[in-house]
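Scroll down for the structure; my scribbles are underneath it.
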Amino acid sequence: MALFKFSDRLPQCSRCRGDLLMSGVAPKDDEHGQPIHLELCAACDSGDADRPAAGLLVQWFADDGGHDEDRVEEGALLVVEWTKECMAKYGWTMHSFPPDQP
């Protein structure tokens with residue numbers, strides 16, 4: 001299973017129909033059995049005060065962080081924080097170990 005798939009064409013933002021910077025599908029479905037799509041949109045997420053990790057990731061892309069090899073670690077950390085933020089919307093949390101482990 002591929003964790004990341006690069007594409008020249010992303011779907012439109014489900015909120016504003018604008019261009020997405022990043023898109024993904026969560027590993028679990030929602031309560032109705034539908035896939036949960038994680039979306040990073042410059043128009044929506046840079047202005048959402050309740051989504052600070054999304055705003056920081058949008059700014060990283062705007063500052064050409066994705067084209068600077070010296071900023072790869074920074075980008076990876078921002079993606080992890082954005083993922084946690086997306087997961088929290090559905091009541092999920094990220095753990096560094098499986099739940100049945102100490």
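Identifiers in the structure tokens: chain A, B, ... in order shown; residue index from 1 per chain; ligand index from 1 in order shown.
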#### Entry: Per-residue DSSP, segment 1-101 of chain A, filtered to strand (DSSP E or B), as a VMD selection string
chain A and resid 12 19 to 29 35 to 41
Which residues of segment 61-93 of chain A come within 10 Å of segment 30-46 of chain A, and what is each one's closest atom pair and distance in Å (one decimal), counting only C-alpha atoms, sorted by chain and residue number, as a Markdown table?
| residue | atom | partner | partner_atom | distance |
| --- | --- | --- | --- | --- |
| A:Phe61 | CA | A:Ala42 | CA | 9.0 |
| A:Ala62 | CA | A:Ala42 | CA | 8.6 |
| A:Trp82 | CA | A:Leu40 | CA | 8.8 |
| A:Thr83 | CA | A:Leu38 | CA | 8.1 |
| A:Cys86 | CA | A:Leu38 | CA | 6.8 |
| A:Met87 | CA | A:Leu38 | CA | 8.9 |
| A:Tyr90 | CA | A:Asp30 | CA | 8.0 |
### Task
Write out as an MDAnalysis selection string all residues of segment 1-92 of chain A that backbone DSSP assigns to helix (DSSP H, G or I).
chainID A and resid 42:45 52:62 65:67 69:88
Now that the selection is made, can you save its residues with C-alpha atoms as a compact mmCIF listing (two decimals), in the first residue's frame?
# COMPACT_ATOMS: atom_id res chain seq x y z
CA ALA A 42 -4.91 27.75 0.61
CA ALA A 43 -8.15 29.73 0.37
CA CYS A 44 -9.94 27.98 3.24
CA ASP A 45 -7.24 26.81 5.63
CA PRO A 52 -3.71 26.59 13.08
CA ALA A 53 -1.71 23.58 11.81
CA ALA A 54 -3.42 23.84 8.42
CA GLY A 55 -2.59 27.54 8.25
CA LEU A 56 1.07 26.89 9.06
CA LEU A 57 1.27 24.18 6.38
CA VAL A 58 -0.35 26.50 3.82
CA GLN A 59 2.23 29.17 4.73
CA TRP A 60 5.06 26.63 4.36
CA PHE A 61 3.89 25.89 0.81
CA ALA A 62 3.43 29.62 0.07
CA GLY A 65 9.03 25.17 1.55
CA GLY A 66 8.18 22.32 -0.79
CA HIS A 67 11.02 23.34 -3.10
CA GLU A 69 15.57 20.59 0.56
CA ASP A 70 16.75 22.29 3.75
CA ARG A 71 13.10 22.57 4.90
CA VAL A 72 12.06 18.92 4.43
CA GLU A 73 12.06 18.12 8.16
CA GLU A 74 10.01 21.25 8.88
CA GLY A 75 7.48 20.20 6.21
CA ALA A 76 7.25 16.66 7.58
CA LEU A 77 6.53 17.97 11.09
CA LEU A 78 3.87 20.33 9.73
CA VAL A 79 2.21 17.47 7.83
CA VAL A 80 2.08 15.40 11.04
CA GLU A 81 0.50 18.31 12.96
CA TRP A 82 -2.00 18.90 10.13
CA THR A 83 -2.89 15.19 10.16
CA LYS A 84 -3.46 15.31 13.93
CA GLU A 85 -5.67 18.37 13.47
CA CYS A 86 -7.71 16.61 10.76
CA MET A 87 -8.04 13.48 12.90
CA ALA A 88 -9.22 15.47 15.95
### Between atom CA of Leu20 of chain A and atom CA of Asp63 of chain A - distance in Å to one decimal
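Spanning atom CA of Asp63 of chain A to atom CA of Leu20 of chain A is a straight-line distance of 16.1 Å.
Computed from the coordinates, the atom CA of Ala26 of chain A to atom CA of Asp64 of chain A distance equals 25.9 Å.
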